[in-house]
Each structure stands twice: as C-alpha cells, then as structure tokens.
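Asks: Input structure: input_30.txt, which contains compact mmCIF, C-alpha atoms.
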# COMPACT_ATOMS: atom_id res chain seq x y z
CA MET A 147 150.16 201.41 50.95
CA ASP A 148 149.88 201.81 54.74
CA LEU A 149 152.77 202.66 57.09
CA PRO A 150 153.71 199.07 58.13
CA HIS A 151 153.75 198.00 54.47
CA LEU A 152 155.89 200.99 53.51
CA LEU A 153 158.36 200.34 56.34
CA VAL A 154 158.72 196.68 55.37
CA THR A 155 159.26 197.69 51.71
CA LEU A 156 161.94 200.22 52.65
CA ILE A 157 163.72 197.70 54.90
CA LEU A 158 163.80 195.18 52.05
CA ILE A 159 165.04 197.81 49.61
CA PHE A 160 167.81 199.13 51.87
CA VAL A 161 169.05 195.72 53.00
CA GLY A 162 168.81 194.16 49.53
CA ALA A 163 170.54 197.12 47.85
CA LYS A 164 173.40 197.25 50.34
CA VAL A 165 174.00 193.48 50.57
CA LEU A 166 173.98 192.88 46.81
CA GLY A 167 175.71 196.21 46.13
CA GLU A 168 178.51 195.12 48.45
CA PHE A 169 178.68 191.73 46.77
CA ALA A 170 178.91 193.34 43.32
CA ASN A 171 181.68 195.62 44.56
CA ARG A 172 183.64 192.70 46.02
CA ILE A 173 183.59 190.80 42.72
CA GLY A 174 184.86 193.84 40.86
CA GLN A 175 181.56 195.14 39.45
CA PRO A 176 179.89 198.56 39.92
CA THR A 177 177.72 198.76 43.04
CA VAL A 178 174.70 199.82 41.01
CA LEU A 179 174.63 196.41 39.32
CA GLY A 180 173.96 194.80 42.71
CA GLU A 181 171.19 197.30 43.42
CA LEU A 182 169.53 196.47 40.10
CA VAL A 183 169.73 192.74 40.86
CA ALA A 184 168.22 193.40 44.30
CA GLY A 185 165.27 195.01 42.54
CA VAL A 186 164.86 192.03 40.21
CA LEU A 187 164.84 189.60 43.16
CA LEU A 188 162.36 191.67 45.16
CA GLY A 189 160.11 192.81 42.30
CA VAL A 190 157.54 191.46 39.85
CA GLY A 191 159.86 188.84 38.36
CA GLY A 192 161.18 187.56 41.69
CA LEU A 193 159.76 187.29 45.19
CA LYS A 194 157.07 189.95 44.54
CA LEU A 195 157.82 191.58 47.87
CA VAL A 196 158.16 195.05 46.33
CA ASP A 197 155.52 196.57 44.06
CA PRO A 198 157.34 198.89 41.61
CA HIS A 199 154.05 200.52 40.63
CA ALA A 200 153.01 201.56 44.14
CA ASN A 201 152.60 205.33 44.00
CA VAL A 202 154.71 206.06 47.10
CA PHE A 203 157.53 203.85 45.78
CA VAL A 204 157.46 205.60 42.38
CA LEU A 205 157.63 209.01 44.08
CA LEU A 206 160.51 207.98 46.35
CA ALA A 207 162.37 206.66 43.29
CA ASP A 208 161.78 210.00 41.56
CA ILE A 209 163.26 211.81 44.57
CA GLY A 210 166.21 209.44 44.38
CA VAL A 211 167.07 210.29 40.78
CA ILE A 212 166.54 214.01 41.46
CA ILE A 213 169.07 213.80 44.31
CA LEU A 214 171.46 211.81 42.09
CA LEU A 215 171.42 214.40 39.28
CA PHE A 216 171.67 217.25 41.80
CA GLU A 217 174.77 215.62 43.24
CA THR A 218 176.15 215.17 39.73
CA GLY A 219 175.55 218.84 38.92
CA LEU A 220 177.48 219.86 42.04
CA ALA A 221 180.49 217.87 40.84
CA THR A 222 180.32 219.27 37.29
CA ASP A 223 182.10 222.42 36.17
CA VAL A 224 179.88 224.49 33.85
CA ARG A 225 182.90 225.72 31.90
CA GLU A 226 184.07 222.17 31.23
CA LEU A 227 180.54 221.23 30.20
CA LEU A 228 180.45 224.13 27.71
CA GLU A 229 183.85 223.10 26.32
CA VAL A 230 182.41 219.76 25.21
CA GLY A 231 179.05 221.29 24.26
CA TRP A 232 179.22 220.70 20.51
CA ARG A 233 180.44 217.13 21.04
CA SER A 234 177.57 216.46 23.44
CA LEU A 235 175.02 217.81 20.97
CA ALA A 236 176.50 215.67 18.18
CA VAL A 237 176.46 212.53 20.38
CA ALA A 238 172.86 213.23 21.44
CA ALA A 239 171.66 213.88 17.88
CA VAL A 240 173.30 210.78 16.38
CA GLY A 241 172.28 208.73 19.43
CA VAL A 242 168.65 209.60 18.71
CA ILE A 243 168.68 209.34 14.90
CA LEU A 244 170.45 205.96 14.54
CA PRO A 245 168.34 203.98 17.07
CA PHE A 246 165.15 205.58 15.73
CA VAL A 247 165.92 204.75 12.10
CA GLY A 248 167.18 201.29 13.06
CA GLY A 249 164.08 200.53 15.12
CA PHE A 250 161.77 201.88 12.42
CA VAL A 251 163.39 199.83 9.64
CA PHE A 252 163.51 196.69 11.80
CA ALA A 253 159.79 197.04 12.65
CA LEU A 254 158.85 197.43 8.98
CA ALA A 255 160.98 194.38 8.10
CA PHE A 256 159.03 192.34 10.68
CA GLY A 257 155.76 193.40 9.09
CA TYR A 258 154.60 196.01 11.61
CA THR A 259 152.62 199.06 10.50
CA ASN A 260 154.20 202.49 10.03
CA LEU A 261 152.58 203.73 13.25
CA ILE A 262 153.96 200.86 15.33
CA ALA A 263 157.36 201.27 13.65
CA ILE A 264 157.45 204.94 14.70
CA PHE A 265 156.62 204.01 18.29
CA LEU A 266 159.27 201.29 18.41
CA GLY A 267 161.89 203.61 16.95
CA ALA A 268 160.96 206.26 19.52
CA THR A 269 161.37 203.88 22.47
CA LEU A 270 164.98 203.19 21.41
CA THR A 271 165.99 206.88 21.36
CA ALA A 272 165.86 207.40 25.15
CA THR A 273 168.81 207.41 27.55
CA SER A 274 168.61 206.77 31.30
CA VAL A 275 171.55 208.85 32.49
CA GLY A 276 171.05 207.84 36.13
CA ILE A 277 172.60 204.41 35.50
CA THR A 278 175.64 205.84 33.72
CA VAL A 279 176.23 208.59 36.28
CA ARG A 280 176.21 206.07 39.12
CA VAL A 281 178.64 203.73 37.32
CA LEU A 282 181.04 206.60 36.53
CA SER A 283 180.85 207.66 40.17
CA ASP A 284 181.58 204.11 41.36
CA LEU A 285 184.60 203.97 39.03
CA GLY A 286 185.85 207.41 40.12
CA LYS A 287 185.50 208.69 36.53
CA LEU A 288 182.87 211.39 37.04
CA GLY A 289 185.42 214.15 36.41
CA THR A 290 186.67 212.81 33.06
CA LYS A 291 186.03 214.43 29.68
CA GLU A 292 184.03 211.35 28.67
CA ALA A 293 181.71 211.90 31.65
CA LYS A 294 181.24 215.57 30.72
CA ILE A 295 180.30 214.66 27.14
CA ILE A 296 177.87 212.00 28.36
CA LEU A 297 176.23 214.40 30.82
CA GLY A 298 175.86 217.13 28.23
CA ALA A 299 174.50 214.64 25.71
CA ALA A 300 172.08 213.26 28.31
CA VAL A 301 170.64 216.72 28.96
CA ALA A 302 170.24 217.27 25.20
CA ASP A 303 168.81 213.75 24.91
CA ASP A 304 166.17 214.54 27.55
CA ILE A 305 165.10 217.64 25.65
CA ILE A 306 164.97 215.75 22.34
CA GLY A 307 163.15 212.93 24.13
CA LEU A 308 160.45 215.33 25.34
CA ILE A 309 159.90 216.51 21.79
CA ILE A 310 159.65 212.92 20.51
CA LEU A 311 157.29 212.03 23.35
CA ALA A 312 155.03 214.95 22.40
CA VAL A 313 155.03 213.75 18.80
CA ILE A 314 154.14 210.14 19.60
CA ARG A 315 151.44 211.26 22.04
CA ASP A 316 149.84 213.24 19.21
CA LEU A 317 150.17 210.21 16.95
CA GLY A 318 148.59 207.96 19.55
CA MET A 319 145.68 210.25 20.40
CA ARG A 320 144.93 211.97 17.09
CA GLY A 321 146.81 210.03 14.46
CA GLU A 322 148.63 213.20 13.42
CA VAL A 323 151.38 215.50 14.69
CA SER A 324 150.88 219.09 15.86
CA ALA A 325 153.92 221.05 14.64
CA LEU A 326 152.97 224.04 16.83
CA LYS A 327 152.79 221.95 20.02
CA THR A 328 156.09 220.25 19.22
CA ALA A 329 157.79 223.63 18.65
CA GLN A 330 156.37 224.96 21.94
CA ILE A 331 157.74 222.00 23.92
CA ALA A 332 161.15 222.32 22.26
CA THR A 333 161.35 226.06 22.98
CA LEU A 334 160.26 225.67 26.59
CA ALA A 335 162.66 222.79 27.28
CA VAL A 336 165.72 224.53 25.82
CA GLY A 337 164.75 227.92 27.24
CA PHE A 338 164.19 226.55 30.73
CA PHE A 339 167.60 224.86 30.90
CA ILE A 340 169.45 228.01 29.83
CA ALA A 341 167.39 230.23 32.15
CA ALA A 342 167.79 227.79 35.05
CA ILE A 343 171.58 228.00 34.86
CA VAL A 344 171.74 231.79 34.37
CA VAL A 345 169.15 232.70 37.01
CA GLY A 346 170.23 229.88 39.31
CA ASN A 347 173.84 231.06 39.25
CA VAL A 348 172.85 234.51 40.61
CA PHE A 349 170.22 233.19 43.03
CA ALA A 350 172.46 230.41 44.40
CA LYS A 351 175.24 232.80 45.42
CA ARG A 352 172.80 235.07 47.24
CA LEU A 353 171.18 232.07 48.90
CA VAL A 354 174.51 230.86 50.26
CA LYS A 355 175.35 234.32 51.61
CA ILE A 356 172.04 234.45 53.50
CA ILE A 357 172.43 230.92 54.87
CA GLU A 358 175.94 231.68 56.17
CA LYS A 359 174.31 233.98 58.73
CA ALA A 360 172.02 231.24 60.04
CA ARG A 361 172.79 229.66 63.41
CA THR A 362 170.64 226.55 63.05
CA SER A 363 172.58 223.42 62.16
CA GLY A 364 171.73 221.74 58.86
CA THR A 365 170.36 224.90 57.28
CA LEU A 366 172.79 224.80 54.34
CA ILE A 367 171.97 221.28 53.18
CA VAL A 368 168.22 221.65 53.74
CA ALA A 369 168.14 224.92 51.80
CA SER A 370 170.27 223.38 49.03
CA ILE A 371 167.92 220.41 48.62
CA ALA A 372 164.93 222.75 48.67
CA PHE A 373 166.68 224.76 45.92
CA ALA A 374 167.11 221.57 43.87
CA PHE A 375 163.45 220.65 44.39
CA LEU A 376 162.36 224.16 43.39
CA TRP A 377 164.32 223.95 40.13
CA SER A 378 162.97 220.42 39.52
CA LEU A 379 159.44 221.71 40.04
CA GLY A 380 160.13 224.55 37.61
CA ALA A 381 161.34 222.05 35.02
CA GLU A 382 158.19 219.96 35.39
CA LEU A 383 155.93 223.03 35.09
CA ALA A 384 157.88 224.17 32.01
CA GLY A 385 157.21 220.82 30.35
CA SER A 386 160.79 219.60 30.80
CA ALA A 387 162.08 216.76 33.00
CA ALA A 388 162.59 217.16 36.76
CA ILE A 389 166.14 215.79 36.54
CA VAL A 390 167.06 218.58 34.10
CA GLY A 391 166.05 221.08 36.78
CA SER A 392 167.95 219.31 39.58
CA PHE A 393 171.06 219.04 37.39
CA ALA A 394 170.85 222.77 36.64
CA ALA A 395 170.47 223.49 40.37
CA GLY A 396 173.60 221.46 41.07
CA LEU A 397 175.52 223.33 38.38
CA ALA A 398 174.48 226.65 39.96
CA LEU A 399 175.36 225.71 43.55
CA GLY A 400 178.55 224.08 42.28
CA ARG A 401 179.89 227.55 41.44
CA THR A 402 179.50 228.86 45.00
CA HIS A 403 182.30 228.74 47.59
CA LYS A 404 180.25 226.29 49.69
CA PHE A 405 179.86 223.61 47.02
CA ASP A 406 182.26 221.21 48.73
CA VAL A 407 180.37 221.48 52.05
CA ILE A 408 177.03 220.94 50.28
CA ALA A 409 178.42 217.92 48.39
CA ARG A 410 179.77 216.39 51.61
CA GLU A 411 176.53 216.87 53.55
CA LEU A 412 174.44 215.62 50.62
CA LYS A 413 176.19 212.22 50.61
CA PRO A 414 174.16 210.65 53.47
CA VAL A 415 170.92 211.81 51.81
CA ALA A 416 172.03 210.27 48.50
CA TYR A 417 172.95 207.00 50.26
CA ILE A 418 169.32 206.67 51.35
CA PHE A 419 167.36 207.81 48.30
CA THR A 420 169.37 206.90 45.19
CA PRO A 421 169.33 203.11 45.79
CA ILE A 422 165.52 203.28 45.80
CA PHE A 423 165.62 204.50 42.20
CA PHE A 424 167.84 201.64 41.01
CA VAL A 425 165.92 198.99 42.96
CA LYS A 426 162.73 200.33 41.38
CA ILE A 427 164.17 199.89 37.88
CA GLY A 428 165.18 196.31 38.69
CA ALA A 429 161.80 195.57 40.31
CA ASP A 430 160.08 196.46 37.03
CA VAL A 431 161.90 193.64 35.19
CA ASP A 432 159.94 190.42 34.87
CA VAL A 433 162.52 187.69 34.28
CA ARG A 434 159.80 185.27 33.17
CA TYR A 435 160.00 186.90 29.74
CA PHE A 436 163.57 185.58 29.44
CA ASN A 437 162.53 181.92 29.77
CA PRO A 438 163.32 180.32 26.35
CA PHE A 439 161.48 177.10 27.27
CA ASN A 440 158.14 178.90 27.29
CA GLU A 441 156.84 178.99 23.70
CA ALA A 442 154.88 182.15 24.44
CA ASN A 443 158.20 183.93 24.96
CA HIS A 444 159.83 182.95 21.65
CA ALA A 445 158.41 185.84 19.63
CA ILE A 446 159.11 188.25 22.49
CA LEU A 447 162.74 187.11 22.72
CA VAL A 448 163.31 187.28 18.95
CA VAL A 449 161.82 190.76 18.63
CA GLY A 450 163.37 191.95 21.90
CA GLY A 451 166.80 190.52 21.03
CA SER A 452 166.78 192.17 17.60
CA LEU A 453 165.70 195.52 19.06
CA PHE A 454 168.40 195.15 21.71
CA VAL A 455 171.11 194.89 19.04
CA VAL A 456 169.71 197.97 17.29
CA ALA A 457 169.52 199.83 20.61
CA ILE A 458 173.12 199.09 21.62
CA VAL A 459 174.73 199.58 18.20
CA GLY A 460 172.90 202.87 17.61
CA LYS A 461 174.11 204.41 20.87
CA VAL A 462 177.65 203.02 20.70
CA LEU A 463 178.09 204.43 17.19
CA SER A 464 176.98 207.84 18.48
CA GLY A 465 180.23 208.05 20.44
CA LEU A 466 182.24 207.93 17.22
CA VAL A 467 181.17 211.47 16.27
CA VAL A 468 183.34 212.92 19.06
CA PHE A 469 186.35 212.91 16.67
CA ASP A 470 188.90 213.41 19.45
CA LYS A 471 191.71 210.89 19.98
CA ARG A 472 192.02 212.00 23.61
CA VAL A 473 188.43 210.94 24.30
CA ASN A 474 187.35 207.32 24.70
CA SER A 475 184.53 207.38 22.14
CA THR A 476 183.52 203.78 22.89
CA ALA A 477 182.95 204.66 26.55
CA VAL A 478 180.85 207.68 25.51
CA GLY A 479 178.65 205.48 23.31
CA ILE A 480 178.24 202.81 25.98
CA GLY A 481 177.45 205.50 28.54
CA MET A 482 174.48 206.56 26.40
CA ALA A 483 173.18 202.97 26.04
CA PRO A 484 171.07 202.36 29.20
CA ARG A 485 167.36 202.96 28.59
CA GLY A 486 166.00 202.15 32.06
CA GLU A 487 162.63 203.66 32.90
CA VAL A 488 162.80 206.36 30.20
CA GLY A 489 162.17 203.97 27.31
CA LEU A 490 159.35 202.33 29.27
CA ILE A 491 157.58 205.68 29.52
CA PHE A 492 157.62 205.93 25.71
CA ALA A 493 156.34 202.36 25.33
CA GLU A 494 153.65 202.93 27.97
CA VAL A 495 152.29 205.86 25.95
CA GLY A 496 151.98 203.51 22.98
CA ARG A 497 150.31 200.79 25.02
CA ARG A 498 147.73 203.17 26.51
CA ALA A 499 146.96 204.48 23.03
CA GLY A 500 146.29 200.90 21.89
CA ILE A 501 149.15 200.93 19.37
CA VAL A 502 151.65 198.69 21.19
CA THR A 503 150.29 195.20 21.99
CA ALA A 504 151.02 193.34 25.22
CA ASP A 505 153.56 191.05 23.50
CA LEU A 506 155.32 193.96 21.84
CA PHE A 507 155.41 195.85 25.13
CA ALA A 508 156.99 192.77 26.75
CA ALA A 509 159.66 192.78 24.01
CA VAL A 510 160.40 196.44 24.75
CA VAL A 511 160.72 195.57 28.46
CA VAL A 512 163.31 192.94 27.49
CA VAL A 513 165.28 195.62 25.60
CA MET A 514 165.13 198.11 28.47
CA ALA A 515 166.26 195.47 30.96
CA LEU A 516 169.16 194.21 28.84
CA THR A 517 170.51 197.69 28.02
CA THR A 518 170.29 198.63 31.69
CA PHE A 519 172.11 195.55 32.98
CA ILE A 520 174.77 195.29 30.30
CA ALA A 521 175.90 198.92 30.52
CA PRO A 522 177.67 198.86 33.93
CA PRO A 523 180.14 196.01 33.15
CA LEU A 524 180.71 197.27 29.59
CA LEU A 525 181.35 200.79 30.85
CA LYS A 526 183.90 199.48 33.32
CA LEU A 527 185.49 197.43 30.55
CA SER A 528 185.87 200.52 28.36
CA MET A 529 186.87 203.04 31.06
CA VAL A 530 189.42 201.14 33.17
CA ARG A 531 192.74 200.42 31.47
CA ARG A 532 193.92 196.83 31.26
CA PRO A 533 197.61 196.33 32.16
CA ARG A 534 199.81 195.67 29.12
CA GLY A 535 200.19 191.97 28.39
CA MET A 536 197.27 190.89 30.62
CA SER A 537 194.50 188.93 28.89
CA LEU A 538 190.90 190.12 29.00
CA TRP A 539 189.90 187.07 31.04
CA ALA A 540 192.64 187.59 33.62
CA TRP A 541 191.84 191.29 33.99
CA PHE A 542 188.06 191.24 34.04
CA PHE A 543 186.86 187.77 35.03
CA GLU A 544 189.61 186.13 37.07
CA PRO A 545 189.58 188.71 39.92
CA ALA A 546 185.80 188.26 40.14
CA ARG A 547 186.16 184.46 40.27
CA LYS A 548 188.78 184.70 43.02
CA ARG A 549 186.67 187.14 45.04
CA VAL A 550 183.58 184.95 44.76
CA SER A 551 185.65 181.92 45.80
CA SER A 552 187.04 183.90 48.74
CA LEU A 553 183.58 184.96 49.81
CA ILE A 554 182.18 181.42 49.63
CA TRP A 555 185.13 179.31 50.79
CA GLY A 556 187.13 181.84 52.76
CA ARG A 557 190.25 181.47 50.61
Could you spell out this file's structure in structure tokens?
Replies:
Amino acid sequence: MDLPHLLVTLILIFVGAKVLGEFANRIGQPTVLGELVAGVLLGVGGLKLVDPHANVFVLLADIGVIILLFETGLATDVRELLEVGWRSLAVAAVGVILPFVGGFVFALAFGYTNLIAIFLGATLTATSVGITVRVLSDLGKLGTKEAKIILGAAVADDIIGLIILAVIRDLGMRGEVSALKTAQIATLAVGFFIAAIVVGNVFAKRLVKIIEKARTSGTLIVASIAFAFLWSLGAELAGSAAIVGSFAAGLALGRTHKFDVIARELKPVAYIFTPIFFVKIGADVDVRYFNPFNEANHAILVVGGSLFVVAIVGKVLSGLVVFDKRVNSTAVGIGMAPRGEVGLIFAEVGRRAGIVTADLFAAVVVVMALTTFIAPPLLKLSMVRRPRGMSLWAWFFEPARKRVSSLIWGR
C-alpha cells in the first residue's frame, strides 16, 4: 500500500467511523456499533474500499487495541481487580469449558470428525475484550464491579486461549499434542502477567519521577505510550498477547500520582487509533454469507446459526458462577460473548492446516460477526436500568425510533 492509498483509506475510516458512530449514539446505541457498521460498509462485504488484510491496516488496528487496553488499565484499580480475582477466574474457566464442549458435541452431531470438532470447539472459547471495554466505556460503566470481573476474566481468557491455540496448532501440524510445549506456554503467560504488574509498578513510579524533571512538552504522554509498547513487546516475546502487556502497563501507571494526567492526554491518541481496530473487525465481515436466497449459503447459515447459539449461551451461562446478588451476572456473561478477531485467529490456524474447509470457515465468520454485533445492544440492555413500569419497547426501541425520525424529518 503506497502513501496516497493509505491516506485515502485512513480518511474513509475516520469519516465513516465518526459519522456512523455519531448516528449510533443519537439513536441510543453504543458508538462502537456504528464503527463496526462503518467497517462492514467499507470492507470486503460492502464497497470494498478498505482492505482489512492490508499489512499496514492490520498493524494500525493492533496499535489501536493496544492503546484501548492501555487506557483501560489506567482506569482500573489493581486492588479492585484482585478483589474479584476468583470470580474472574471462575467466569473465564466456565466461559471456555461450556462453549468448547458445546461446539465439540454440536460438530459431532453434524457428522464432523473428532479433529474438526476440536477446532470448532476451540474457536468458540475466545473472547474479544476490546468490544466489551468500548461498550462499557460508552455507557459510563467501566468502573463497575461487573466491568472489573469481565476485565479479569478476559485476561485469564487470553492466557487460556494461548494454551488452547498452542494445542490446536500441534494438532494441525503433527496430529498430536505436546504436553511440554503447552505447559511452557501456560507458565510463560501467567508468569509474564504477574511479573509485568510487579516490576511495572516499581518501574512506572521511577519513570514518572524522572519525567517530572523534563522541560519538553508532551514528554509524559510519549514516555507513557512507549512504556505501554515496551510491555506489549515483552508480552509478545514471552508468548503472551500484546494486549495483556499493555493492560499490565496501564495498571502500573494507574498507581502513580500522574495517572489522571496520562489518562487525559491519552484520550486524543485513543480517538485516532481505537476506531481503526473496530472498523477493521467490521471490514472483515462479508455480508454475502448472510444472504438466505443463495443456496450455497444455506449450509453455512445452518451451521453458523447453530454455533452462534452455542457461543452465546456458553458465555452467558459463565456469568452465573459469580454467585453474588450485587453483581449483574447476565451482564458479565454478555460482556464475555464477543469473539471478534480472536476467534478468527483460531479458525485461520485450522484453515491453514487443511482441517477447516472454506464453507466451515465461512460459518465460523458468521458466528464471529453475529457475536460481535449483538453484544453492544445486549450489554446496554443488561447494564442500564429500565424505569419501573416502562415497557421494554418504550425504553429501548421507542427513543431510537424518535431519534431516527428526528434526524430524517427534523421533528
């Protein structure tokens, strides 16, 4: 991609994300939903003006989600995260086991082989926390106990996901699983996260003290982002996920006396980069798979629809293990539901190994798209209280209808 092409792509992404994000906000929906729709319109299933597989676009999207999780870490209190630690681990564990078992059993029932069933089950275990974090932020719920449980569970989910990914890679390449390699990845992933917080906490405070003496404007935010990138790089090198490192960096800097200044100065950077990530997810969705009048899509829709039910039910039920009446367990389960790009990575491993066919991969894409798009409105539905006596239609749909009418007709 040359410079003119890149500039045109970025213009389309920024304008599309902001226009449709604003529209979504005005009809009472989370802004991220509009950004996802912008991606669909611009990507492979729409106008084909944005190539979601262009290397520079993929890298910019990766930076966007790193910034998003860094920002989330800044706003998260480590002590509060530890308080819900056991709940997060329980949600993550159940949220992996139920979708995996459900996907495996479903695949066997449809006549797929054991190997394909394992791959399908694995694709349903993932969670794309970026979607949930953005929705909670849009709703002003990022500081709630539900959000803390979801964040903790998402970190645990990423670590479990890495282990599962290692297992299915071994299955795809060698037809067997290396227990030693799996144990190494698990140890490195868990060890890195703990070390990143402990070491980062000490290093971050010293970093801030040094920066306070600097006279050059912008030094604090530049150094903070560099710190987040350094921790993200460390996570990648340790075999973990970059977002785990950026989240840990945010947790560390969040305990310094300059965290509020860093958070404020980070906002403009997040406004630029994070929409790229969500547009990229939407651009990957090919809506042609959803056309029921095309006979070639019938099998894809049946398999994809069935997997979608398994995917949603498995994650929603995971919220029930919280066992705390003060916590909205339904919201926790829904918050773990989006799969986004994470599930696609699992499916892509299977496709490259020749285990997942093109049709089956398309069905998985349908599942990833549906879980991603349904989560924002459902999360709002579960997190925002409905006034007593008001019907569901009047609370959720009627304001949207009136806002759309106002936008179109001016009344």
Asks: Taking all atoms listed in the file into account, name the residue in A:Phe405, A:Phe375, A:Phe203, A:Phe246 that is nearest to Val459 in chain A.
Replies: A:Phe246
Asks: What is the distance between CA of Val448 in chain A and CA of Ala509 in chain A, in Å to one decimal?
Replies: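 CA of Ala509 in chain A lies at a distance of 8.3 Å from CA of Val448 in chain A.
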Asks: Kindly provide the residues of range 215-283 of chain A that approach range 467-477 of chain A to within 10 Å, each paired with its closest atom pair and their distance in Å to one decimal, based on all atoms listed in the file, listed by chain and increasing number, as CSV.
Replies:
residue,atom,partner,partner_atom,distance
A:Val230,CA,A:Val468,CA,9.2
A:Trp232,CA,A:Val468,CA,8.9
A:Arg233,CA,A:Val468,CA,5.5
A:Ser234,CA,A:Val468,CA,8.1
A:Leu235,CA,A:Val468,CA,9.8
A:Ala236,CA,A:Val467,CA,6.6
A:Val237,CA,A:Val467,CA,6.3
A:Ala238,CA,A:Val467,CA,9.9
A:Ala239,CA,A:Val467,CA,9.9
A:Val240,CA,A:Val467,CA,7.9
A:Gly241,CA,A:Val467,CA,9.8
Asks: Pick out the residues sitting within 12 Å of Arg485 in chain A, and hand them over as number ranges by chain; count all atoms listed in the file, and ignore anything fewer than 6 positions along from it in its own chain.
Replies: A: 241-242, 245, 268-278, 300, 303-304, 307, 427, 454, 457-458, 461, 491-493, 510-521
Asks: Between A:Leu412, A:Val354, A:Lys287, A:Ala342, which one has atoms that come closest to Ser528 in chain A, using only C-alpha atoms?
Replies: A:Lys287
Asks: For a quick check of understanding, using all atoms listed in the file, which of A:Ile209, A:Ala508, A:Leu379, A:Ala409 has the smallest distance to Ala442 in chain A?
Replies: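 Comparing A:Ile209, A:Ala508, A:Leu379, A:Ala409 against Ala442 in chain A, the winner is A:Ala508.
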Asks: Considering only C-alpha atoms, state which residue in the set A:Ile343, A:Val279, A:Ile501, A:Ala263 is at the smallest distance from Ile480 in chain A.
Replies: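 Comparing A:Ile343, A:Val279, A:Ile501, A:Ala263 against Ile480 in chain A, the winner is A:Val279.
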Asks: List the spatial neighbours of Thr177 in chain A as a ChimeraX atom specification - criterion: any atom at most 12 Å away, all atoms listed in the file, same-chain residues fewer than 2 positions off excluded.
Replies: /A:162-175,179-184,277-278,280-285,417,420-421,424-425,519,522-523,526
Asks: With distances taken over all atoms listed in the file, which residue among A:Leu366, A:Ala388, A:Leu244, A:Ala394 lies nearest Glu217 in chain A?
Replies: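 Counting all atoms listed in the file, the residue closest to Glu217 in chain A is A:Ala394.
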Asks: Take CA of Leu447 in chain A and CA of Ile422 in chain A and report the distance between them in Å, one decimal.
Replies: 28.3 Å
Asks: Extract range 198-210 of chain A from the coordinates I pasted, and write it as a PDB file, in the first residue's frame (atoms kept: N, CA and C atoms).
Replies:
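Once everything was written out, this is result09.pdb:
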ATOM      1  N   PRO A 198      -9.152  -5.166   4.705  1.00  0.00           N
ATOM      2  CA  PRO A 198      -8.828  -5.473   6.102  1.00  0.00           C
ATOM      3  C   PRO A 198      -7.580  -6.331   6.267  1.00  0.00           C
ATOM      4  N   HIS A 199      -7.077  -6.890   5.162  1.00  0.00           N
ATOM      5  CA  HIS A 199      -5.909  -7.757   5.240  1.00  0.00           C
ATOM      6  C   HIS A 199      -4.619  -7.046   4.831  1.00  0.00           C
ATOM      7  N   ALA A 200      -4.721  -5.767   4.459  1.00  0.00           N
ATOM      8  CA  ALA A 200      -3.514  -4.999   4.141  1.00  0.00           C
ATOM      9  C   ALA A 200      -2.638  -4.910   5.386  1.00  0.00           C
ATOM     10  N   ASN A 201      -1.369  -5.212   5.250  1.00  0.00           N
ATOM     11  CA  ASN A 201      -0.486  -5.319   6.409  1.00  0.00           C
ATOM     12  C   ASN A 201      -0.469  -4.059   7.265  1.00  0.00           C
ATOM     13  N   VAL A 202      -0.409  -2.889   6.611  1.00  0.00           N
ATOM     14  CA  VAL A 202      -0.339  -1.636   7.371  1.00  0.00           C
ATOM     15  C   VAL A 202      -1.635  -1.400   8.144  1.00  0.00           C
ATOM     16  N   PHE A 203      -2.758  -1.789   7.572  1.00  0.00           N
ATOM     17  CA  PHE A 203      -4.058  -1.642   8.236  1.00  0.00           C
ATOM     18  C   PHE A 203      -4.140  -2.561   9.457  1.00  0.00           C
ATOM     19  N   VAL A 204      -3.676  -3.801   9.293  1.00  0.00           N
ATOM     20  CA  VAL A 204      -3.667  -4.764  10.398  1.00  0.00           C
ATOM     21  C   VAL A 204      -2.806  -4.249  11.547  1.00  0.00           C
ATOM     22  N   LEU A 205      -1.635  -3.691  11.220  1.00  0.00           N
ATOM     23  CA  LEU A 205      -0.732  -3.179  12.253  1.00  0.00           C
ATOM     24  C   LEU A 205      -1.324  -1.967  12.968  1.00  0.00           C
ATOM     25  N   LEU A 206      -1.960  -1.072  12.211  1.00  0.00           N
ATOM     26  CA  LEU A 206      -2.602   0.098  12.834  1.00  0.00           C
ATOM     27  C   LEU A 206      -3.746  -0.333  13.749  1.00  0.00           C
ATOM     28  N   ALA A 207      -4.487  -1.366  13.329  1.00  0.00           N
ATOM     29  CA  ALA A 207      -5.567  -1.896  14.169  1.00  0.00           C
ATOM     30  C   ALA A 207      -5.001  -2.499  15.454  1.00  0.00           C
ATOM     31  N   ASP A 208      -3.857  -3.172  15.330  1.00  0.00           N
ATOM     32  CA  ASP A 208      -3.200  -3.738  16.516  1.00  0.00           C
ATOM     33  C   ASP A 208      -2.779  -2.641  17.491  1.00  0.00           C
ATOM     34  N   ILE A 209      -2.257  -1.544  16.945  1.00  0.00           N
ATOM     35  CA  ILE A 209      -1.887  -0.399  17.795  1.00  0.00           C
ATOM     36  C   ILE A 209      -3.133   0.141  18.484  1.00  0.00           C
ATOM     37  N   GLY A 210      -4.242   0.171  17.739  1.00  0.00           N
ATOM     38  CA  GLY A 210      -5.493   0.682  18.292  1.00  0.00           C
ATOM     39  C   GLY A 210      -5.966  -0.104  19.496  1.00  0.00           C
TER      40      GLY A 210
END
